[in-house]
file protein07.pdb (PDB, C-alpha atoms)
ATOM      1  CA  MET A   1      77.338  98.650  59.410  1.00  0.00           C
ATOM      2  CA  ALA A   2      78.873 100.724  62.207  1.00  0.00           C
ATOM      3  CA  ASP A   3      79.770  97.595  64.188  1.00  0.00           C
ATOM      4  CA  SER A   4      81.341  96.060  61.101  1.00  0.00           C
ATOM      5  CA  ALA A   5      83.425  99.183  60.448  1.00  0.00           C
ATOM      6  CA  GLU A   6      84.624  99.179  64.074  1.00  0.00           C
ATOM      7  CA  GLN A   7      85.594  95.501  63.839  1.00  0.00           C
ATOM      8  CA  ASP A   8      87.630  96.326  60.741  1.00  0.00           C
ATOM      9  CA  HIS A   9      89.436  99.123  62.622  1.00  0.00           C
ATOM     10  CA  TYR A  10      89.988  97.634  66.091  1.00  0.00           C
ATOM     11  CA  PHE A  11      91.001  94.355  67.669  1.00  0.00           C
ATOM     12  CA  VAL A  12      90.756  93.649  71.403  1.00  0.00           C
ATOM     13  CA  ARG A  13      93.248  92.511  74.025  1.00  0.00           C
ATOM     14  CA  GLU A  14      91.843  91.487  77.391  1.00  0.00           C
ATOM     15  CA  ILE A  15      93.712  91.973  80.672  1.00  0.00           C
ATOM     16  CA  GLU A  16      92.216  90.225  83.690  1.00  0.00           C
ATOM     17  CA  LYS A  17      92.469  92.021  87.009  1.00  0.00           C
ATOM     18  CA  ASN A  18      93.084  90.218  90.297  1.00  0.00           C
ATOM     19  CA  ASP A  19      89.409  90.645  91.237  1.00  0.00           C
ATOM     20  CA  GLY A  20      88.313  88.802  88.082  1.00  0.00           C
ATOM     21  CA  CYS A  21      87.131  91.891  86.193  1.00  0.00           C
ATOM     22  CA  VAL A  22      88.506  92.262  82.675  1.00  0.00           C
ATOM     23  CA  LEU A  23      89.878  95.341  80.958  1.00  0.00           C
ATOM     24  CA  ARG A  24      89.007  95.202  77.255  1.00  0.00           C
ATOM     25  CA  MET A  25      91.571  97.241  75.379  1.00  0.00           C
ATOM     26  CA  LYS A  26      90.907  98.108  71.770  1.00  0.00           C
ATOM     27  CA  GLN A  27      93.934  98.327  69.495  1.00  0.00           C
ATOM     28  CA  CYS A  28      94.225  99.620  65.948  1.00  0.00           C
ATOM     29  CA  TYR A  29      95.134  97.424  63.007  1.00  0.00           C
ATOM     30  CA  LYS A  30      96.846 100.433  61.430  1.00  0.00           C
ATOM     31  CA  GLY A  31      98.829 103.176  63.128  1.00  0.00           C
ATOM     32  CA  ASP A  32     102.007 104.064  64.999  1.00  0.00           C
ATOM     33  CA  VAL A  33     103.493 102.260  68.015  1.00  0.00           C
ATOM     34  CA  GLY A  34     100.927 103.841  70.376  1.00  0.00           C
ATOM     35  CA  CYS A  35      98.031 101.968  68.800  1.00  0.00           C
ATOM     36  CA  VAL A  36      98.700  98.581  70.414  1.00  0.00           C
ATOM     37  CA  VAL A  37      99.107  97.217  73.942  1.00  0.00           C
ATOM     38  CA  TRP A  38     102.784  96.482  74.502  1.00  0.00           C
ATOM     39  CA  ASP A  39     103.990  93.877  76.981  1.00  0.00           C
ATOM     40  CA  ALA A  40     105.665  96.506  79.182  1.00  0.00           C
ATOM     41  CA  ALA A  41     102.306  98.237  79.605  1.00  0.00           C
ATOM     42  CA  ILE A  42     100.700  95.014  80.858  1.00  0.00           C
ATOM     43  CA  VAL A  43     103.623  94.327  83.213  1.00  0.00           C
ATOM     44  CA  LEU A  44     103.287  97.822  84.695  1.00  0.00           C
ATOM     45  CA  ALA A  45      99.483  97.650  84.864  1.00  0.00           C
ATOM     46  CA  LYS A  46      99.634  94.380  86.791  1.00  0.00           C
ATOM     47  CA  TYR A  47     102.396  95.757  89.044  1.00  0.00           C
ATOM     48  CA  LEU A  48      99.910  98.401  90.242  1.00  0.00           C
ATOM     49  CA  GLU A  49      97.837  95.547  91.711  1.00  0.00           C
ATOM     50  CA  THR A  50     100.666  93.970  93.716  1.00  0.00           C
ATOM     51  CA  LYS A  51     100.266  93.851  97.488  1.00  0.00           C
ATOM     52  CA  GLN A  52     102.709  96.668  98.186  1.00  0.00           C
ATOM     53  CA  PHE A  53     100.117  98.970  96.587  1.00  0.00           C
ATOM     54  CA  TYR A  54      96.790  97.181  96.788  1.00  0.00           C
ATOM     55  CA  ASP A  55      95.688  94.544  99.285  1.00  0.00           C
ATOM     56  CA  PRO A  56      91.958  94.622 100.125  1.00  0.00           C
ATOM     57  CA  ALA A  57      92.412  91.946 102.804  1.00  0.00           C
ATOM     58  CA  CYS A  58      94.619  94.391 104.756  1.00  0.00           C
ATOM     59  CA  GLN A  59      92.565  97.429 103.722  1.00  0.00           C
ATOM     60  CA  LEU A  60      95.594  98.775 101.835  1.00  0.00           C
ATOM     61  CA  ASN A  61      95.013 100.882  98.740  1.00  0.00           C
ATOM     62  CA  ALA A  62      97.878 103.207  97.848  1.00  0.00           C
ATOM     63  CA  TRP A  63      95.950 104.379  94.767  1.00  0.00           C
ATOM     64  CA  SER A  64      92.803 105.621  96.478  1.00  0.00           C
ATOM     65  CA  GLN A  65      92.193 109.266  95.504  1.00  0.00           C
ATOM     66  CA  LYS A  66      95.801 109.703  94.391  1.00  0.00           C
ATOM     67  CA  CYS A  67      96.514 112.103  91.522  1.00  0.00           C
ATOM     68  CA  VAL A  68      98.053 110.035  88.719  1.00  0.00           C
ATOM     69  CA  LEU A  69      99.368 111.189  85.340  1.00  0.00           C
ATOM     70  CA  GLU A  70     100.337 108.778  82.584  1.00  0.00           C
ATOM     71  CA  LEU A  71     102.753 109.849  79.849  1.00  0.00           C
ATOM     72  CA  GLY A  72     102.709 108.303  76.379  1.00  0.00           C
ATOM     73  CA  SER A  73      99.554 106.419  77.287  1.00  0.00           C
ATOM     74  CA  GLY A  74      98.877 104.872  73.871  1.00  0.00           C
ATOM     75  CA  THR A  75      95.844 102.656  74.463  1.00  0.00           C
ATOM     76  CA  GLY A  76      95.551 103.841  78.087  1.00  0.00           C
ATOM     77  CA  VAL A  77      95.758 100.427  79.747  1.00  0.00           C
ATOM     78  CA  VAL A  78      98.073 101.457  82.607  1.00  0.00           C
ATOM     79  CA  GLY A  79      96.069 104.559  83.470  1.00  0.00           C
ATOM     80  CA  LEU A  80      92.817 102.624  83.269  1.00  0.00           C
ATOM     81  CA  MET A  81      94.147 100.043  85.699  1.00  0.00           C
ATOM     82  CA  ALA A  82      95.041 102.819  88.155  1.00  0.00           C
ATOM     83  CA  ALA A  83      91.581 104.368  87.764  1.00  0.00           C
ATOM     84  CA  THR A  84      89.851 101.050  88.493  1.00  0.00           C
ATOM     85  CA  LEU A  85      91.896 100.905  91.718  1.00  0.00           C
ATOM     86  CA  GLY A  86      90.585 104.297  92.846  1.00  0.00           C
ATOM     87  CA  ALA A  87      93.068 106.816  91.470  1.00  0.00           C
ATOM     88  CA  GLN A  88      92.201 110.147  89.840  1.00  0.00           C
ATOM     89  CA  VAL A  89      93.919 109.609  86.502  1.00  0.00           C
ATOM     90  CA  THR A  90      94.797 111.728  83.499  1.00  0.00           C
ATOM     91  CA  VAL A  91      96.097 109.755  80.519  1.00  0.00           C
ATOM     92  CA  THR A  92      98.083 111.763  77.987  1.00  0.00           C
ATOM     93  CA  ASP A  93      99.449 111.343  74.500  1.00  0.00           C
ATOM     94  CA  LEU A  94      99.595 113.151  71.180  1.00  0.00           C
ATOM     95  CA  GLU A  95      96.499 114.432  69.396  1.00  0.00           C
ATOM     96  CA  ASP A  96      96.278 111.504  66.977  1.00  0.00           C
ATOM     97  CA  LEU A  97      95.865 109.014  69.846  1.00  0.00           C
ATOM     98  CA  GLN A  98      93.070 110.850  71.648  1.00  0.00           C
ATOM     99  CA  THR A  99      90.313 108.979  69.798  1.00  0.00           C
ATOM    100  CA  LEU A 100      91.739 105.592  70.803  1.00  0.00           C
ATOM    101  CA  LEU A 101      92.119 106.741  74.414  1.00  0.00           C
ATOM    102  CA  GLN A 102      88.504 107.920  74.500  1.00  0.00           C
ATOM    103  CA  VAL A 103      87.294 104.665  72.941  1.00  0.00           C
ATOM    104  CA  ASN A 104      89.062 102.624  75.631  1.00  0.00           C
ATOM    105  CA  ILE A 105      87.883 104.869  78.454  1.00  0.00           C
ATOM    106  CA  GLN A 106      84.313 104.425  77.247  1.00  0.00           C
ATOM    107  CA  GLU A 107      84.767 100.668  76.777  1.00  0.00           C
ATOM    108  CA  ASN A 108      85.915 100.232  80.390  1.00  0.00           C
ATOM    109  CA  HIS A 109      84.119 103.033  82.233  1.00  0.00           C
ATOM    110  CA  HIS A 110      81.905 100.555  84.104  1.00  0.00           C
ATOM    111  CA  LEU A 111      85.013  99.285  85.939  1.00  0.00           C
ATOM    112  CA  VAL A 112      85.890 102.772  87.225  1.00  0.00           C
ATOM    113  CA  SER A 113      83.750 103.370  90.312  1.00  0.00           C
ATOM    114  CA  LYS A 114      85.769 105.125  93.028  1.00  0.00           C
ATOM    115  CA  GLY A 115      88.412 106.595  90.729  1.00  0.00           C
ATOM    116  CA  SER A 116      88.189 108.737  87.603  1.00  0.00           C
ATOM    117  CA  ILE A 117      89.930 109.001  84.242  1.00  0.00           C
ATOM    118  CA  SER A 118      90.200 111.591  81.486  1.00  0.00           C
ATOM    119  CA  ALA A 119      92.399 111.990  78.412  1.00  0.00           C
ATOM    120  CA  LYS A 120      94.359 115.067  77.377  1.00  0.00           C
ATOM    121  CA  VAL A 121      96.976 116.034  74.820  1.00  0.00           C
ATOM    122  CA  LEU A 122     100.511 116.426  76.153  1.00  0.00           C
ATOM    123  CA  LYS A 123     103.488 116.857  73.867  1.00  0.00           C
ATOM    124  CA  TRP A 124     106.757 116.258  75.693  1.00  0.00           C
ATOM    125  CA  GLY A 125     108.937 119.325  76.082  1.00  0.00           C
ATOM    126  CA  GLU A 126     106.017 121.746  75.943  1.00  0.00           C
ATOM    127  CA  ASP A 127     104.075 123.612  78.640  1.00  0.00           C
ATOM    128  CA  VAL A 128     102.694 121.453  81.477  1.00  0.00           C
ATOM    129  CA  LEU A 129     100.892 124.140  83.472  1.00  0.00           C
ATOM    130  CA  GLU A 130      97.467 122.511  83.104  1.00  0.00           C
ATOM    131  CA  PHE A 131      98.839 119.296  84.661  1.00  0.00           C
ATOM    132  CA  LEU A 132     100.036 120.980  87.855  1.00  0.00           C
ATOM    133  CA  PRO A 133     100.131 120.829  90.851  1.00  0.00           C
ATOM    134  CA  HIS A 134     102.584 117.950  90.825  1.00  0.00           C
ATOM    135  CA  PRO A 135     100.903 114.530  90.672  1.00  0.00           C
ATOM    136  CA  ASP A 136     101.439 111.853  93.304  1.00  0.00           C
ATOM    137  CA  TYR A 137     102.446 109.361  90.619  1.00  0.00           C
ATOM    138  CA  ILE A 138     103.613 109.534  87.018  1.00  0.00           C
ATOM    139  CA  LEU A 139     103.250 106.335  84.992  1.00  0.00           C
ATOM    140  CA  MET A 140     105.144 105.562  81.803  1.00  0.00           C
ATOM    141  CA  ALA A 141     105.410 102.298  79.878  1.00  0.00           C
ATOM    142  CA  ASP A 142     107.718 101.794  76.879  1.00  0.00           C
ATOM    143  CA  CYS A 143     108.314 105.516  76.385  1.00  0.00           C
ATOM    144  CA  ILE A 144     112.084 105.123  75.894  1.00  0.00           C
ATOM    145  CA  TYR A 145     111.891 104.487  72.178  1.00  0.00           C
ATOM    146  CA  TYR A 146     112.622 107.395  69.830  1.00  0.00           C
ATOM    147  CA  GLU A 147     116.004 109.114  70.095  1.00  0.00           C
ATOM    148  CA  GLN A 148     114.557 112.540  69.274  1.00  0.00           C
ATOM    149  CA  SER A 149     112.043 112.283  72.121  1.00  0.00           C
ATOM    150  CA  ILE A 150     114.512 111.534  74.940  1.00  0.00           C
ATOM    151  CA  ALA A 151     115.449 115.112  75.863  1.00  0.00           C
ATOM    152  CA  PRO A 152     111.833 116.395  75.716  1.00  0.00           C
ATOM    153  CA  LEU A 153     110.663 113.432  77.829  1.00  0.00           C
ATOM    154  CA  VAL A 154     113.233 114.092  80.559  1.00  0.00           C
ATOM    155  CA  GLU A 155     112.401 117.803  80.492  1.00  0.00           C
ATOM    156  CA  THR A 156     108.711 116.999  80.930  1.00  0.00           C
ATOM    157  CA  LEU A 157     109.498 114.694  83.863  1.00  0.00           C
ATOM    158  CA  LYS A 158     111.496 117.513  85.487  1.00  0.00           C
ATOM    159  CA  LEU A 159     108.606 119.957  85.068  1.00  0.00           C
ATOM    160  CA  LEU A 160     105.958 117.539  86.349  1.00  0.00           C
ATOM    161  CA  SER A 161     107.805 115.949  89.268  1.00  0.00           C
ATOM    162  CA  GLY A 162     107.618 117.468  92.721  1.00  0.00           C
ATOM    163  CA  PRO A 163     109.662 116.320  95.729  1.00  0.00           C
ATOM    164  CA  GLU A 164     106.975 113.742  96.635  1.00  0.00           C
ATOM    165  CA  THR A 165     106.190 112.536  93.103  1.00  0.00           C
ATOM    166  CA  CYS A 166     106.990 108.893  92.348  1.00  0.00           C
ATOM    167  CA  VAL A 167     107.575 107.989  88.699  1.00  0.00           C
ATOM    168  CA  LEU A 168     106.875 104.364  87.798  1.00  0.00           C
ATOM    169  CA  CYS A 169     108.716 103.623  84.574  1.00  0.00           C
ATOM    170  CA  CYS A 170     108.491 100.289  82.793  1.00  0.00           C
ATOM    171  CA  TYR A 171     110.384  99.510  79.614  1.00  0.00           C
ATOM    172  CA  GLU A 172     111.397  96.522  77.540  1.00  0.00           C
ATOM    173  CA  GLN A 173     115.134  96.324  77.051  1.00  0.00           C
ATOM    174  CA  ARG A 174     115.852  95.982  73.339  1.00  0.00           C
ATOM    175  CA  THR A 175     119.244  95.085  71.925  1.00  0.00           C
ATOM    176  CA  GLU A 176     118.732  95.755  68.230  1.00  0.00           C
ATOM    177  CA  GLY A 177     119.379  98.913  66.221  1.00  0.00           C
ATOM    178  CA  VAL A 178     119.638 102.228  68.040  1.00  0.00           C
ATOM    179  CA  ASN A 179     117.714 101.016  71.101  1.00  0.00           C
ATOM    180  CA  PRO A 180     120.737 100.498  73.409  1.00  0.00           C
ATOM    181  CA  LYS A 181     121.983 104.003  72.536  1.00  0.00           C
ATOM    182  CA  VAL A 182     118.569 105.530  73.177  1.00  0.00           C
ATOM    183  CA  GLU A 183     118.286 103.815  76.576  1.00  0.00           C
ATOM    184  CA  ARG A 184     121.806 104.907  77.558  1.00  0.00           C
ATOM    185  CA  GLU A 185     121.123 108.523  76.588  1.00  0.00           C
ATOM    186  CA  PHE A 186     117.832 108.531  78.497  1.00  0.00           C
ATOM    187  CA  PHE A 187     119.388 107.328  81.744  1.00  0.00           C
ATOM    188  CA  GLU A 188     122.398 109.631  81.404  1.00  0.00           C
ATOM    189  CA  LEU A 189     120.049 112.605  81.150  1.00  0.00           C
ATOM    190  CA  LEU A 190     117.645 111.336  83.789  1.00  0.00           C
ATOM    191  CA  GLN A 191     120.265 110.675  86.445  1.00  0.00           C
ATOM    192  CA  ARG A 192     121.380 114.302  86.440  1.00  0.00           C
ATOM    193  CA  ASP A 193     118.204 115.187  88.338  1.00  0.00           C
ATOM    194  CA  PHE A 194     116.625 111.902  89.464  1.00  0.00           C
ATOM    195  CA  LEU A 195     117.383 108.806  91.526  1.00  0.00           C
ATOM    196  CA  CYS A 196     116.356 105.415  90.113  1.00  0.00           C
ATOM    197  CA  LYS A 197     115.622 102.138  91.877  1.00  0.00           C
ATOM    198  CA  GLU A 198     114.918  98.958  89.921  1.00  0.00           C
ATOM    199  CA  ILE A 199     112.173  96.674  91.227  1.00  0.00           C
ATOM    200  CA  PRO A 200     113.237  92.994  91.379  1.00  0.00           C
ATOM    201  CA  LEU A 201     111.123  90.378  89.625  1.00  0.00           C
ATOM    202  CA  ASP A 202     109.961  88.837  92.903  1.00  0.00           C
ATOM    203  CA  GLN A 203     108.212  92.112  93.800  1.00  0.00           C
ATOM    204  CA  GLN A 204     106.353  92.251  90.497  1.00  0.00           C
ATOM    205  CA  ASP A 205     103.234  90.344  89.465  1.00  0.00           C
ATOM    206  CA  SER A 206     103.980  86.640  89.726  1.00  0.00           C
ATOM    207  CA  GLU A 207     102.735  85.910  86.197  1.00  0.00           C
ATOM    208  CA  PHE A 208     103.213  89.133  84.265  1.00  0.00           C
ATOM    209  CA  ASN A 209     106.942  89.765  84.460  1.00  0.00           C
ATOM    210  CA  SER A 210     109.996  89.183  82.301  1.00  0.00           C
ATOM    211  CA  PRO A 211     113.783  89.529  82.693  1.00  0.00           C
ATOM    212  CA  ASP A 212     113.742  91.774  79.598  1.00  0.00           C
ATOM    213  CA  ILE A 213     111.142  94.153  81.058  1.00  0.00           C
ATOM    214  CA  HIS A 214     112.303  96.498  83.800  1.00  0.00           C
ATOM    215  CA  ILE A 215     110.286  98.493  86.341  1.00  0.00           C
ATOM    216  CA  LEU A 216     111.909 101.506  87.978  1.00  0.00           C
ATOM    217  CA  HIS A 217     110.856 103.789  90.814  1.00  0.00           C
ATOM    218  CA  ILE A 218     112.180 107.245  89.979  1.00  0.00           C
ATOM    219  CA  ARG A 219     112.238 110.282  92.272  1.00  0.00           C
ATOM    220  CA  ARG A 220     113.787 113.723  92.121  1.00  0.00           C
ATOM    221  CA  ALA A 221     117.242 113.856  93.645  1.00  0.00           C
ATOM    222  CA  PRO A 222     117.352 115.934  96.859  1.00  0.00           C
TER     223      PRO A 222
END
call {"tool": "encode", "arguments": {"input": "protein07.pdb", "output": "structure tokens"}}
result
Amino acid sequence: MADSAEQDHYFVREIEKNDGCVLRMKQCYKGDVGCVVWDAAIVLAKYLETKQFYDPACQLNAWSQKCVLELGSGTGVVGLMAATLGAQVTVTDLEDLQTLLQVNIQENHHLVSKGSISAKVLKWGEDVLEFLPHPDYILMADCIYYEQSIAPLVETLKLLSGPETCVLCCYEQRTEGVNPKVEREFFELLQRDFLCKEIPLDQQDSEFNSPDIHILHIRRAP
């Protein structure tokens, strides 16, 4: 009965890693936008495996033992990818998404050997003391969505980012409704304190990329 109830609640999306292992991400049939794996999250997750970060043949692993914090984690797929590559990861989202994050951590824990992953509540715009010192990397996929969350998100980035912190931001550019306005407001606020560099498609995963999905490297302005 328990298995049947879980099947009624969740459906699975599989993301194959470059080493052939498969992340099995459970998604909710019912819930807010954080309950499913969005394309931008997969694009960013696969970007973490590109050779500029991870190339076992050259003994390169930029993620090994790095402190990584993911904002607006949703299902947790990006943070889980980083953890499987050796990072010490904290995935964060609102209270109502903690169960889904824990379910996906448990589902994929066997793939996390040299890294680690835990889930915590973080509401943008509120105190971040428990997430300091500043992480090496901050990950965020499709977080530029709700107009009312833009200012708190930028404030949280300011509080969490040290001079050496690299923010990897991936978002799908949407042209309908208020989305263009929300994106414009986000970047206007962000660029007061941060420098942004867009990553060209030819430096992203060769299969998981799209002209409508953008990856940015963001750092605090000197």
call {"tool": "closest_residue", "arguments": {"input": "protein07.pdb", "among": "A:Leu69, A:Gln148, A:Val167, A:Thr75", "to": "Leu122 in chain A", "atoms": "all atoms listed in the file"}}
result
A:Leu69
call {"tool": "residues_around", "arguments": {"input": "protein07.pdb", "residues": "Leu159 in chain A", "least_positions_apart": "2", "cutoff": "12 Å", "atoms": "all atoms listed in the file", "output": "list in words"}}
result
Trp124, Gly125, Glu126, Asp127, Val128, Leu129, Glu130, Phe131, Leu132, Pro133, His134, Pro135, Ile138, Pro152, Leu153, Val154, Glu155, Thr156, Leu157, Ser161, Gly162, Pro163, Thr165, Asp193 and Arg220 of chain A
call {"tool": "atom_distance", "arguments": {"input": "protein07.pdb", "atom1": "CA of Gln106 in chain A", "atom2": "CA of Lys46 in chain A"}}
result
20.7 Å
call {"tool": "closest_residue", "arguments": {"input": "protein07.pdb", "among": "A:Glu14, A:Glu49, A:Asp142, A:Glu198", "to": "Glu183 in chain A", "atoms": "all atoms listed in the file"}}
result
A:Asp142
call {"tool": "closest_residue", "arguments": {"input": "protein07.pdb", "among": "A:Ala41, A:Leu168, A:Val178, A:Leu97", "to": "Val121 in chain A", "atoms": "all atoms listed in the file"}}
result
A:Leu97
